[in-house]
>>> print(open('final_16.cif').read())   # mmCIF, C-alpha atoms
data_my_file
#
loop_
_atom_site.label_atom_id
_atom_site.label_comp_id
_atom_site.auth_asym_id
_atom_site.auth_seq_id
_atom_site.Cartn_x
_atom_site.Cartn_y
_atom_site.Cartn_z
CA MET A 1 8.83 -26.20 19.64
CA LYS A 2 7.29 -22.73 19.66
CA ALA A 3 5.12 -23.61 16.69
CA THR A 4 3.74 -26.73 18.33
CA MET A 5 3.00 -24.81 21.50
CA GLN A 6 1.08 -22.19 19.59
CA LYS A 7 -0.78 -24.90 17.76
CA SER A 8 -1.87 -26.63 20.95
CA ASP A 9 -2.88 -23.24 22.38
CA ARG A 10 -5.08 -22.78 19.39
CA GLU A 11 -6.66 -26.15 19.90
CA LYS A 12 -7.27 -25.47 23.59
CA GLY A 13 -8.79 -22.05 22.91
CA LYS A 14 -12.44 -21.62 22.09
CA LYS A 15 -12.59 -23.78 19.04
CA SER A 16 -15.22 -22.93 16.47
CA ASP A 17 -16.85 -25.76 14.53
CA ALA A 18 -15.18 -24.69 11.28
CA SER A 19 -11.44 -25.28 11.04
CA PRO A 20 -9.43 -23.22 8.51
CA THR A 21 -9.42 -24.61 4.98
CA PRO A 22 -8.12 -22.89 1.82
CA ALA A 23 -11.70 -22.28 0.59
CA ARG A 24 -12.75 -20.73 3.90
CA LEU A 25 -9.63 -18.56 3.97
CA PHE A 26 -10.41 -17.41 0.45
CA TRP A 27 -13.94 -16.33 1.34
CA MET A 28 -12.94 -14.65 4.56
CA LEU A 29 -10.20 -12.61 2.84
CA ALA A 30 -12.29 -11.87 -0.25
CA LYS A 31 -15.07 -10.47 1.95
CA ILE A 32 -12.69 -8.34 4.01
CA ASN A 33 -10.92 -7.04 0.90
CA THR A 34 -14.20 -6.11 -0.76
CA VAL A 35 -15.70 -4.07 2.05
CA THR A 36 -12.63 -2.57 3.73
CA LEU A 37 -11.46 0.64 2.11
CA GLY A 38 -8.38 2.63 3.01
CA GLY A 39 -5.29 0.46 2.71
CA GLY A 40 -3.26 -1.98 4.78
CA TYR A 41 -3.44 -0.27 8.15
CA VAL A 42 -7.25 -0.35 8.01
CA ILE A 43 -7.49 -3.96 6.79
CA VAL A 44 -5.05 -5.53 9.24
CA PRO A 45 -7.12 -4.93 12.43
CA VAL A 46 -10.21 -6.27 10.63
CA MET A 47 -8.28 -9.42 9.71
CA ALA A 48 -7.08 -9.81 13.29
CA ALA A 49 -10.63 -9.58 14.64
CA SER A 50 -12.00 -11.98 12.05
CA LEU A 51 -9.33 -14.64 12.67
CA GLU A 52 -9.81 -14.37 16.40
CA LYS A 53 -13.59 -14.64 16.11
CA LYS A 54 -13.31 -17.78 14.01
CA GLY A 55 -10.89 -19.22 16.55
CA TRP A 56 -8.20 -19.71 13.91
CA MET A 57 -5.51 -17.49 15.36
CA ASP A 58 -5.24 -15.34 18.47
CA GLU A 59 -4.34 -11.67 18.18
CA LYS A 60 -0.86 -12.01 19.62
CA GLU A 61 0.22 -14.62 17.11
CA PHE A 62 -1.39 -12.58 14.32
CA TYR A 63 0.42 -9.36 15.24
CA ASP A 64 3.73 -11.24 15.45
CA ILE A 65 3.13 -12.30 11.85
CA PHE A 66 2.11 -8.74 10.94
CA ALA A 67 5.40 -7.41 12.33
CA ARG A 68 7.24 -9.87 10.09
CA ALA A 69 5.05 -8.98 7.09
CA GLN A 70 6.23 -5.37 7.31
CA ALA A 71 9.75 -6.46 6.42
CA PHE A 72 8.55 -7.63 2.99
CA PRO A 73 7.95 -5.44 -0.03
CA GLY A 74 4.47 -5.27 -1.45
CA PRO A 75 1.06 -4.36 -0.07
CA LEU A 76 0.72 -5.04 3.66
CA ALA A 77 -2.71 -6.61 3.23
CA LEU A 78 -1.17 -9.14 0.85
CA SER A 79 1.99 -10.03 2.78
CA THR A 80 0.08 -10.35 6.07
CA ALA A 81 -2.59 -12.54 4.46
CA LEU A 82 0.02 -14.75 2.77
CA LEU A 83 2.09 -15.32 5.91
CA THR A 84 -1.03 -15.95 8.02
CA SER A 85 -2.44 -18.46 5.53
CA LEU A 86 0.93 -20.20 5.18
CA ARG A 87 0.85 -20.74 8.94
CA LEU A 88 -2.76 -21.96 8.93
CA CYS A 89 -3.04 -24.03 5.73
CA GLY A 90 0.38 -24.24 4.06
CA PHE A 91 0.91 -23.44 0.39
CA LYS A 92 -2.66 -24.22 -0.67
CA GLY A 93 -3.81 -21.71 1.91
CA ALA A 94 -1.39 -19.14 0.53
CA VAL A 95 -2.72 -19.63 -3.01
CA ALA A 96 -6.27 -19.17 -1.72
CA ALA A 97 -5.21 -16.07 0.21
CA PHE A 98 -3.50 -14.62 -2.85
CA CYS A 99 -6.72 -14.95 -4.87
CA GLY A 100 -8.83 -13.61 -2.00
CA VAL A 101 -6.69 -10.48 -1.65
CA ILE A 102 -6.09 -9.80 -5.36
CA LEU A 103 -9.45 -10.54 -6.99
CA PRO A 104 -11.81 -8.02 -5.33
CA PRO A 105 -9.60 -4.94 -5.99
CA PHE A 106 -8.88 -6.15 -9.52
CA LEU A 107 -12.57 -6.51 -10.36
CA ALA A 108 -13.42 -3.19 -8.66
CA ILE A 109 -10.86 -1.31 -10.75
CA ILE A 110 -11.96 -3.00 -13.97
CA LEU A 111 -15.48 -1.83 -13.15
CA VAL A 112 -14.40 1.74 -12.32
CA SER A 113 -12.16 1.92 -15.42
CA GLY A 114 -15.06 0.77 -17.55
CA LEU A 115 -17.33 3.44 -16.07
CA LEU A 116 -14.66 6.11 -16.50
CA SER A 117 -14.10 5.34 -20.16
CA THR A 118 -17.84 5.99 -20.65
CA TYR A 119 -18.45 8.91 -18.27
CA GLY A 120 -14.92 10.19 -17.61
CA SER A 121 -15.20 13.19 -19.89
CA LEU A 122 -18.36 14.69 -18.35
CA PRO A 123 -17.47 18.08 -16.78
CA ALA A 124 -18.93 17.12 -13.39
CA VAL A 125 -16.92 13.88 -13.34
CA VAL A 126 -13.74 15.72 -14.38
CA ARG A 127 -14.25 18.19 -11.51
CA PHE A 128 -15.06 15.38 -9.06
CA LEU A 129 -11.78 13.64 -9.92
CA GLU A 130 -9.88 16.92 -9.75
CA GLY A 131 -11.28 17.64 -6.27
CA ALA A 132 -10.69 14.08 -5.08
CA GLY A 133 -7.13 14.14 -6.45
CA ALA A 134 -6.39 17.40 -4.64
CA VAL A 135 -6.76 15.55 -1.34
CA VAL A 136 -3.87 13.19 -2.07
CA PRO A 137 -0.91 15.41 -1.02
CA GLY A 138 -2.76 16.25 2.20
CA LEU A 139 -3.19 12.56 3.02
CA VAL A 140 0.48 11.83 2.31
CA ALA A 141 1.51 14.72 4.55
CA ALA A 142 -0.77 13.38 7.30
CA MET A 143 0.77 9.92 6.98
CA ILE A 144 4.29 11.41 7.30
CA TRP A 145 3.14 13.40 10.33
CA LYS A 146 1.71 10.33 12.07
CA THR A 147 4.67 8.08 11.22
CA ALA A 148 7.14 10.71 12.39
CA ALA A 149 5.26 11.20 15.66
CA LYS A 150 5.50 7.48 16.50
CA ARG A 151 9.12 6.97 15.42
CA ALA A 152 11.94 6.53 17.93
CA TRP A 153 14.13 9.26 16.43
CA THR A 154 17.87 9.39 16.94
CA PRO A 155 20.22 12.00 15.38
CA VAL A 156 21.55 9.33 13.00
CA ARG A 157 18.04 8.38 11.83
CA ILE A 158 17.10 12.03 11.26
CA ILE A 159 20.19 12.58 9.09
CA GLU A 160 19.58 9.30 7.21
CA THR A 161 15.97 10.27 6.47
CA ILE A 162 16.91 13.76 5.23
CA VAL A 163 19.76 12.51 3.04
CA LEU A 164 17.74 9.65 1.54
CA SER A 165 14.72 11.91 0.87
CA ALA A 166 16.94 14.46 -0.86
CA LEU A 167 18.59 11.79 -3.02
CA LEU A 168 15.21 10.30 -4.00
CA ILE A 169 13.88 13.74 -4.95
CA LEU A 170 17.00 14.75 -6.89
CA LEU A 171 17.50 11.43 -8.71
CA PRO A 172 14.00 10.15 -9.54
CA ALA A 173 15.33 8.00 -12.39
CA PHE A 174 17.47 5.96 -9.98
CA SER A 175 14.92 5.30 -7.25
CA LEU A 176 15.18 1.51 -7.54
CA PRO A 177 18.98 1.04 -7.17
CA LEU A 178 19.07 3.94 -4.72
CA LEU A 179 16.52 2.38 -2.39
CA LEU A 180 17.93 -1.13 -2.57
CA THR A 181 21.41 0.19 -1.70
CA ALA A 182 19.97 2.46 0.98
CA ILE A 183 18.01 -0.31 2.74
CA ALA A 184 21.12 -2.52 2.83
CA GLY A 185 23.25 0.38 4.05
CA LEU A 186 20.72 1.44 6.69
CA TYR A 187 20.56 -2.15 7.95
CA CYS A 188 24.34 -2.16 8.47
CA ILE A 189 24.26 1.24 10.21
CA GLU A 190 21.43 0.10 12.53
CA GLY A 191 23.52 -2.96 13.38
CA LEU A 192 26.61 -0.84 14.12
CA CYS A 193 24.70 1.66 16.26
CA LYS A 194 23.39 -1.06 18.54
CA ARG A 195 26.88 -2.19 19.44
CA MET B 1 4.42 -4.98 -26.64
CA GLN B 2 2.69 -2.41 -24.46
CA THR B 3 1.75 -5.25 -22.17
CA LEU B 4 5.41 -6.31 -21.77
CA GLU B 5 6.37 -2.73 -20.93
CA ILE B 6 3.56 -2.57 -18.36
CA ILE B 7 4.78 -5.83 -16.82
CA TRP B 8 8.39 -4.63 -16.57
CA THR B 9 7.40 -1.22 -15.17
CA PHE B 10 5.22 -2.66 -12.41
CA PHE B 11 7.56 -5.53 -11.63
CA LYS B 12 10.20 -2.90 -10.76
CA VAL B 13 7.68 -0.97 -8.66
CA GLY B 14 6.90 -4.19 -6.78
CA ILE B 15 10.53 -4.71 -5.75
CA ILE B 16 10.67 -1.48 -3.74
CA SER B 17 7.07 -1.16 -2.58
CA PHE B 18 7.99 -1.05 1.10
CA GLY B 19 6.10 0.43 3.98
CA GLY B 20 2.44 0.55 2.96
CA GLY B 21 0.70 2.31 0.12
CA TRP B 22 1.65 5.96 0.59
CA SER B 23 5.38 5.47 0.44
CA THR B 24 5.06 3.67 -2.90
CA VAL B 25 3.04 6.39 -4.64
CA GLY B 26 6.09 8.54 -5.45
CA ILE B 27 7.88 5.53 -6.94
CA ILE B 28 4.83 4.69 -9.05
CA LYS B 29 4.63 8.30 -10.19
CA ASN B 30 8.26 8.30 -11.31
CA ALA B 31 7.60 5.11 -13.23
CA VAL B 32 4.38 6.13 -15.05
CA VAL B 33 4.26 9.96 -15.37
CA PRO B 34 4.39 11.25 -18.07
CA HIS B 35 4.96 8.08 -20.13
CA TRP B 36 1.68 6.30 -19.39
CA ILE B 37 -0.51 8.96 -17.78
CA ASN B 38 -0.44 12.73 -17.20
CA GLU B 39 0.00 14.44 -13.85
CA THR B 40 -3.65 15.41 -13.22
CA ASP B 41 -4.97 12.01 -14.18
CA PHE B 42 -2.38 10.41 -11.90
CA ARG B 43 -3.73 12.33 -8.89
CA ALA B 44 -7.24 11.23 -9.80
CA LEU B 45 -6.01 7.65 -10.14
CA ILE B 46 -4.55 7.72 -6.63
CA ALA B 47 -7.77 9.18 -5.23
CA ILE B 48 -9.75 6.41 -6.95
CA ALA B 49 -7.29 3.78 -5.72
CA GLN B 50 -7.70 5.05 -2.17
CA SER B 51 -11.51 4.92 -2.35
CA THR B 52 -11.81 1.47 -3.95
CA PRO B 53 -10.91 -1.84 -2.29
CA GLY B 54 -7.32 -2.98 -2.35
CA PRO B 55 -3.74 -1.73 -2.12
CA ILE B 56 -2.81 1.45 -4.05
CA ALA B 57 0.03 -0.16 -6.04
CA LEU B 58 -2.27 -2.95 -7.16
CA ASN B 59 -5.07 -0.56 -8.14
CA ALA B 60 -2.62 1.64 -10.05
CA ALA B 61 -1.26 -1.34 -11.97
CA THR B 62 -4.75 -2.55 -12.90
CA MET B 63 -5.91 0.90 -13.96
CA ILE B 64 -2.86 1.90 -16.00
CA GLY B 65 -2.80 -1.55 -17.58
CA TRP B 66 -6.47 -1.20 -18.51
CA SER B 67 -5.87 2.10 -20.30
CA HIS B 68 -2.86 0.70 -22.22
CA GLY B 69 -3.88 -2.62 -23.69
CA GLY B 70 -7.17 -3.42 -22.02
CA PHE B 71 -7.95 -6.46 -19.91
CA LEU B 72 -4.76 -8.36 -20.77
CA SER B 73 -2.47 -5.51 -19.65
CA ALA B 74 -4.61 -4.87 -16.58
CA PHE B 75 -4.33 -8.52 -15.56
CA ALA B 76 -0.60 -8.77 -16.37
CA GLY B 77 0.25 -5.50 -14.62
CA THR B 78 -1.63 -6.56 -11.49
CA LEU B 79 0.27 -9.84 -11.28
CA ALA B 80 3.58 -8.14 -12.12
CA VAL B 81 3.35 -5.68 -9.23
CA VAL B 82 2.97 -8.49 -6.67
CA ALA B 83 5.34 -10.98 -8.37
CA PHE B 84 8.45 -9.97 -6.46
CA PRO B 85 6.76 -9.60 -3.03
CA VAL B 86 5.13 -13.02 -3.35
CA ALA B 87 8.41 -14.61 -4.47
CA ALA B 88 10.19 -12.97 -1.52
CA ILE B 89 7.67 -14.37 0.96
CA ILE B 90 7.85 -17.88 -0.51
CA ALA B 91 11.67 -17.81 -0.64
CA THR B 92 11.92 -16.62 2.96
CA THR B 93 9.49 -19.26 4.14
CA LEU B 94 11.54 -21.95 2.43
CA LEU B 95 14.87 -20.59 3.70
CA ALA B 96 13.61 -19.43 7.10
CA ARG B 97 15.83 -21.78 9.09
CA ARG B 98 19.05 -21.03 7.23
CA VAL B 99 19.15 -17.24 7.14
CA LYS B 100 19.17 -15.35 10.40
CA LEU B 101 18.81 -11.59 10.12
CA ASN B 102 18.48 -9.02 12.85
CA SER B 103 14.76 -8.25 12.56
CA LEU B 104 14.88 -5.10 14.71
CA ALA B 105 17.55 -3.57 12.45
CA ILE B 106 15.54 -4.60 9.37
CA ASN B 107 12.38 -2.93 10.67
CA GLU B 108 14.20 0.26 11.65
CA SER B 109 16.01 0.55 8.33
CA LEU B 110 12.73 -0.03 6.47
CA ARG B 111 11.07 2.65 8.59
CA THR B 112 13.75 5.15 7.61
CA GLY B 113 13.42 4.05 3.98
CA SER B 114 9.65 4.31 3.87
CA THR B 115 9.60 7.71 5.61
CA ALA B 116 12.01 9.03 2.98
CA MET B 117 9.84 7.48 0.26
CA MET B 118 6.77 9.25 1.66
CA ILE B 119 8.62 12.60 1.74
CA MET B 120 9.58 12.03 -1.90
CA THR B 121 5.93 11.17 -2.67
CA LEU B 122 4.77 14.40 -1.04
CA TRP B 123 7.33 16.39 -3.03
CA ALA B 124 6.28 14.71 -6.27
CA LEU B 125 2.59 15.37 -5.66
CA MET B 126 2.72 18.98 -4.48
CA PRO B 127 0.00 20.92 -6.36
CA SER B 128 1.54 22.60 -9.37
CA VAL B 129 -1.29 25.11 -9.84
CA ALA B 130 -2.04 27.93 -7.40
CA ASP B 131 -5.78 27.23 -7.31
CA PRO B 132 -6.99 28.21 -3.81
CA LEU B 133 -9.73 25.57 -3.82
CA ILE B 134 -7.25 22.79 -4.64
CA ILE B 135 -4.90 24.01 -1.90
CA ALA B 136 -7.81 24.21 0.56
CA PHE B 137 -8.75 20.58 -0.20
CA GLY B 138 -5.14 19.52 0.44
CA LEU B 139 -4.87 21.39 3.76
CA GLY B 140 -8.34 20.29 4.89
CA SER B 141 -7.61 16.64 4.20
CA PHE B 142 -4.27 16.91 6.03
CA ALA B 143 -6.08 18.25 9.11
CA ILE B 144 -8.74 15.52 8.94
CA ALA B 145 -6.29 12.67 8.42
CA ALA B 146 -3.65 13.85 10.87
CA PHE B 147 -5.78 15.06 13.79
CA THR B 148 -9.11 13.21 13.64
CA LYS B 149 -10.15 9.58 13.41
CA ILE B 150 -12.39 10.21 10.41
CA ASN B 151 -11.70 7.79 7.54
CA ALA B 152 -9.75 9.57 4.78
CA LEU B 153 -12.32 8.24 2.33
CA TRP B 154 -14.74 10.98 3.46
CA ALA B 155 -12.17 13.68 2.70
CA ILE B 156 -11.69 12.25 -0.80
CA LEU B 157 -15.40 11.90 -1.57
CA GLY B 158 -16.26 15.22 0.12
CA SER B 159 -13.70 17.21 -1.86
CA GLY B 160 -14.75 15.50 -5.08
CA ILE B 161 -18.42 16.28 -4.51
CA ILE B 162 -17.76 19.89 -3.45
CA ASP B 163 -15.68 20.47 -6.59
CA ALA B 164 -18.21 18.72 -8.87
CA VAL B 165 -21.24 20.53 -7.47
CA ALA B 166 -19.97 23.92 -6.32
CA GLY B 167 -16.47 24.25 -7.83
CA PRO B 168 -17.34 26.79 -10.58
CA ALA B 169 -19.51 28.88 -8.21
CA ILE B 170 -16.84 29.02 -5.49
CA ARG B 171 -14.11 29.98 -7.98
CA LYS B 172 -16.35 32.72 -9.43
CA LEU B 173 -16.97 34.02 -5.89
CA LEU B 174 -13.21 34.15 -5.28
CA GLY B 175 -12.79 35.92 -8.58
CA ILE B 176 -10.61 33.43 -10.45
#
>>> encode(input="final_16.cif", output="structure tokens")
Amino acid sequence: MKATMQKSDREKGKKSDASPTPARLFWMLAKINTVTLGGGYVIVPVMAASLEKKGWMDEKEFYDIFARAQAFPGPLALSTALLTSLRLCGFKGAVAAFCGVILPPFLAIILVSGLLSTYGSLPAVVRFLEGAGAVVPGLVAAMIWKTAAKRAWTPVRIIETIVLSALLILLPAFSLPLLLTAIAGLYCIEGLCKR
Amino acid sequence: MQTLEIIWTFFKVGIISFGGGWSTVGIIKNAVVPHWINETDFRALIAIAQSTPGPIALNAATMIGWSHGGFLSAFAGTLAVVAFPVAAIIATTLLARRVKLNSLAINESLRTGSTAMMIMTLWALMPSVADPLIIAFGLGSFAIAAFTKINALWAILGSGIIDAVAGPAIRKLLGI
């Protein structure tokens, strides 16, 4: 019911001459993923604007999908693109989206790796990479800062975060089972707290 | 055989790559340092991943694959890191009507999980050398990324260029 309503809304809205096809989805996503640097949170708004402009999906529907995409593992740019394309073009659309999201970064890294194996040992390049790498902890700290500022903290969540961080730091070899158990456990605790 | 090891390593990373790129970096580091790459090169890899198109986990898989088995490993590693996420999305789409989970509780528990993963990432990437220039780059980029709207890319490129061009001169001036 909801899906059909959204569909008819889309048809009523300003309809561009080009309807979404797998090939068009591929090109749109490939272009966005080539020119947008800086990870999922930068790409997602660009995708939203592009879909809206083409008249394929309004922003509200897109951000509902984005909220769902965050519950999946894997890069946000990929999960959002897959879910969006599944909605627009079914499985063929999802295959096209997969290629559109994966190919540009893959080719870019192959290119950079090729350049680095030729020029990577020059002193200036070594220092450039050292300087660029030094920024990384600062960016992670900034991301924690921003996430923490937006979070609806409760005493339980603060304790959970501290305990889980400590466990992850102390037991790096067990991060996979630890996190899978933790996510399941946290889900149960969130459910209990609501009641 | 290296290629199979790369596939298995990045498949496991893919399973727990929740919450955007930064929370996954610590997990990737645990999986690849020091077996596939050393600590300094890993930092450089992350900086490169952040300044090229595409998700960090994907870039890391391509790059580490490339340096351990060439194109084949790069290709296989890239697919391996997204194998589980893609399977999860397809499975959920197929089962969507049968399983009903509390999405608010899911999102909140993932937020807690990914914040803890980011704290672990920060811990794992703390500079191990007391080089004042390196520490200054870290603090400067924190200030830029946390309190301004400037794209973090400029902090990465800026620090790289400063170190490449003026690094030796600045260190000499500071007397190191």
>>> resolve_selection(input="final_16.cif", expression="the PyMOL selection byres ((chain B) within 6 of (chain A))", output="ChimeraX atom specification")
/B:14,17-18,20,43-44,47,50,53-55,85,105-106,109,112,116,120,122,125,134,137-139,141-142,145-146,156,159-161,163-164
>>> residues_around(input="final_16.cif", residues="B:Ile6", least_positions_apart="6", cutoff="9 Å", atoms="all atoms listed in the file", output="ChimeraX atom specification")
/B:61,64-65,68,73-74,76-77,80
>>> atom_distance(input="final_16.cif", atom1="atom CA of B:Met126", atom2="atom CA of A:Val44")
29.1 Å
>>> atom_distance(input="final_16.cif", atom1="atom CA of B:Ala130", atom2="atom CA of B:Ile144")
21.6 Å
>>> atom_distance(input="final_16.cif", atom1="atom CA of B:Ala136", atom2="atom CA of B:Met117")
24.3 Å
>>> closest_residue(input="final_16.cif", among="A:Val46, A:Glu52, A:Gly90, A:Ala30", to="B:Thr93", atoms="all atoms listed in the file")
A:Gly90
>>> decode(input="final_16.cif", residues="stretch 120-130 of chain B", atoms="all heavy atoms", output="PDB file, in the first residue's frame")
ATOM      1  N   MET B 120      38.262   2.657  19.590  1.00  0.00           N
ATOM      2  CA  MET B 120      39.323   1.668  19.417  1.00  0.00           C
ATOM      3  C   MET B 120      40.239   2.057  18.256  1.00  0.00           C
ATOM      4  O   MET B 120      41.466   1.940  18.355  1.00  0.00           O
ATOM      5  CB  MET B 120      38.675   0.301  19.175  1.00  0.00           C
ATOM      6  CG  MET B 120      39.646  -0.843  19.093  1.00  0.00           C
ATOM      7  SD  MET B 120      40.112  -1.187  17.430  1.00  0.00           S
ATOM      8  CE  MET B 120      38.955  -2.476  17.035  1.00  0.00           C
ATOM      9  N   THR B 121      39.659   2.575  17.170  1.00  0.00           N
ATOM     10  CA  THR B 121      40.455   3.034  16.029  1.00  0.00           C
ATOM     11  C   THR B 121      41.420   4.134  16.458  1.00  0.00           C
ATOM     12  O   THR B 121      42.611   4.103  16.131  1.00  0.00           O
ATOM     13  CB  THR B 121      39.538   3.576  14.915  1.00  0.00           C
ATOM     14  OG1 THR B 121      38.639   2.545  14.513  1.00  0.00           O
ATOM     15  CG2 THR B 121      40.342   4.045  13.718  1.00  0.00           C
ATOM     16  N   LEU B 122      40.889   5.107  17.214  1.00  0.00           N
ATOM     17  CA  LEU B 122      41.728   6.214  17.668  1.00  0.00           C
ATOM     18  C   LEU B 122      42.887   5.690  18.517  1.00  0.00           C
ATOM     19  O   LEU B 122      44.040   6.078  18.321  1.00  0.00           O
ATOM     20  CB  LEU B 122      40.880   7.201  18.478  1.00  0.00           C
ATOM     21  CG  LEU B 122      41.627   8.414  19.026  1.00  0.00           C
ATOM     22  CD1 LEU B 122      42.205   9.248  17.896  1.00  0.00           C
ATOM     23  CD2 LEU B 122      40.707   9.275  19.885  1.00  0.00           C
ATOM     24  N   TRP B 123      42.570   4.775  19.432  1.00  0.00           N
ATOM     25  CA  TRP B 123      43.597   4.172  20.284  1.00  0.00           C
ATOM     26  C   TRP B 123      44.660   3.480  19.434  1.00  0.00           C
ATOM     27  O   TRP B 123      45.857   3.636  19.639  1.00  0.00           O
ATOM     28  CB  TRP B 123      42.941   3.175  21.240  1.00  0.00           C
ATOM     29  CG  TRP B 123      43.907   2.467  22.117  1.00  0.00           C
ATOM     30  CD1 TRP B 123      44.583   1.317  21.823  1.00  0.00           C
ATOM     31  CD2 TRP B 123      44.328   2.854  23.426  1.00  0.00           C
ATOM     32  NE1 TRP B 123      45.389   0.965  22.873  1.00  0.00           N
ATOM     33  CE2 TRP B 123      45.261   1.887  23.870  1.00  0.00           C
ATOM     34  CE3 TRP B 123      44.002   3.921  24.268  1.00  0.00           C
ATOM     35  CZ2 TRP B 123      45.865   1.962  25.124  1.00  0.00           C
ATOM     36  CZ3 TRP B 123      44.611   3.993  25.507  1.00  0.00           C
ATOM     37  CH2 TRP B 123      45.528   3.033  25.920  1.00  0.00           C
ATOM     38  N   ALA B 124      44.206   2.724  18.435  1.00  0.00           N
ATOM     39  CA  ALA B 124      45.138   1.953  17.612  1.00  0.00           C
ATOM     40  C   ALA B 124      46.012   2.846  16.739  1.00  0.00           C
ATOM     41  O   ALA B 124      47.098   2.447  16.327  1.00  0.00           O
ATOM     42  CB  ALA B 124      44.365   0.969  16.740  1.00  0.00           C
ATOM     43  N   LEU B 125      45.542   4.059  16.449  1.00  0.00           N
ATOM     44  CA  LEU B 125      46.276   4.914  15.515  1.00  0.00           C
ATOM     45  C   LEU B 125      47.005   6.071  16.193  1.00  0.00           C
ATOM     46  O   LEU B 125      47.562   6.934  15.529  1.00  0.00           O
ATOM     47  CB  LEU B 125      45.320   5.483  14.460  1.00  0.00           C
ATOM     48  CG  LEU B 125      44.758   4.472  13.453  1.00  0.00           C
ATOM     49  CD1 LEU B 125      43.733   5.140  12.567  1.00  0.00           C
ATOM     50  CD2 LEU B 125      45.861   3.872  12.612  1.00  0.00           C
ATOM     51  N   MET B 126      46.987   6.105  17.532  1.00  0.00           N
ATOM     52  CA  MET B 126      47.717   7.162  18.230  1.00  0.00           C
ATOM     53  C   MET B 126      49.177   7.176  17.758  1.00  0.00           C
ATOM     54  O   MET B 126      49.791   6.123  17.647  1.00  0.00           O
ATOM     55  CB  MET B 126      47.681   6.901  19.742  1.00  0.00           C
ATOM     56  CG  MET B 126      46.454   7.452  20.403  1.00  0.00           C
ATOM     57  SD  MET B 126      46.435   9.240  20.272  1.00  0.00           S
ATOM     58  CE  MET B 126      44.884   9.608  21.071  1.00  0.00           C
ATOM     59  N   PRO B 127      49.735   8.384  17.503  1.00  0.00           N
ATOM     60  CA  PRO B 127      51.119   8.421  17.016  1.00  0.00           C
ATOM     61  C   PRO B 127      52.049   7.755  18.015  1.00  0.00           C
ATOM     62  O   PRO B 127      51.936   7.980  19.222  1.00  0.00           O
ATOM     63  CB  PRO B 127      51.424   9.920  16.901  1.00  0.00           C
ATOM     64  CG  PRO B 127      50.155  10.638  17.072  1.00  0.00           C
ATOM     65  CD  PRO B 127      49.153   9.700  17.661  1.00  0.00           C
ATOM     66  N   SER B 128      52.948   6.915  17.514  1.00  0.00           N
ATOM     67  CA  SER B 128      53.835   6.199  18.423  1.00  0.00           C
ATOM     68  C   SER B 128      55.157   6.942  18.600  1.00  0.00           C
ATOM     69  O   SER B 128      55.926   6.640  19.493  1.00  0.00           O
ATOM     70  CB  SER B 128      54.094   4.786  17.897  1.00  0.00           C
ATOM     71  OG  SER B 128      54.378   4.837  16.523  1.00  0.00           O
ATOM     72  N   VAL B 129      55.421   7.931  17.725  1.00  0.00           N
ATOM     73  CA  VAL B 129      56.653   8.704  17.864  1.00  0.00           C
ATOM     74  C   VAL B 129      56.318  10.097  18.379  1.00  0.00           C
ATOM     75  O   VAL B 129      55.278  10.652  18.042  1.00  0.00           O
ATOM     76  CB  VAL B 129      57.401   8.825  16.520  1.00  0.00           C
ATOM     77  CG1 VAL B 129      58.116   7.530  16.208  1.00  0.00           C
ATOM     78  CG2 VAL B 129      56.457   9.201  15.395  1.00  0.00           C
ATOM     79  N   ALA B 130      57.217  10.664  19.192  1.00  0.00           N
ATOM     80  CA  ALA B 130      56.965  11.988  19.752  1.00  0.00           C
ATOM     81  C   ALA B 130      57.538  13.076  18.848  1.00  0.00           C
ATOM     82  O   ALA B 130      58.312  13.916  19.271  1.00  0.00           O
ATOM     83  CB  ALA B 130      57.552  12.081  21.153  1.00  0.00           C
TER      84      ALA B 130
END
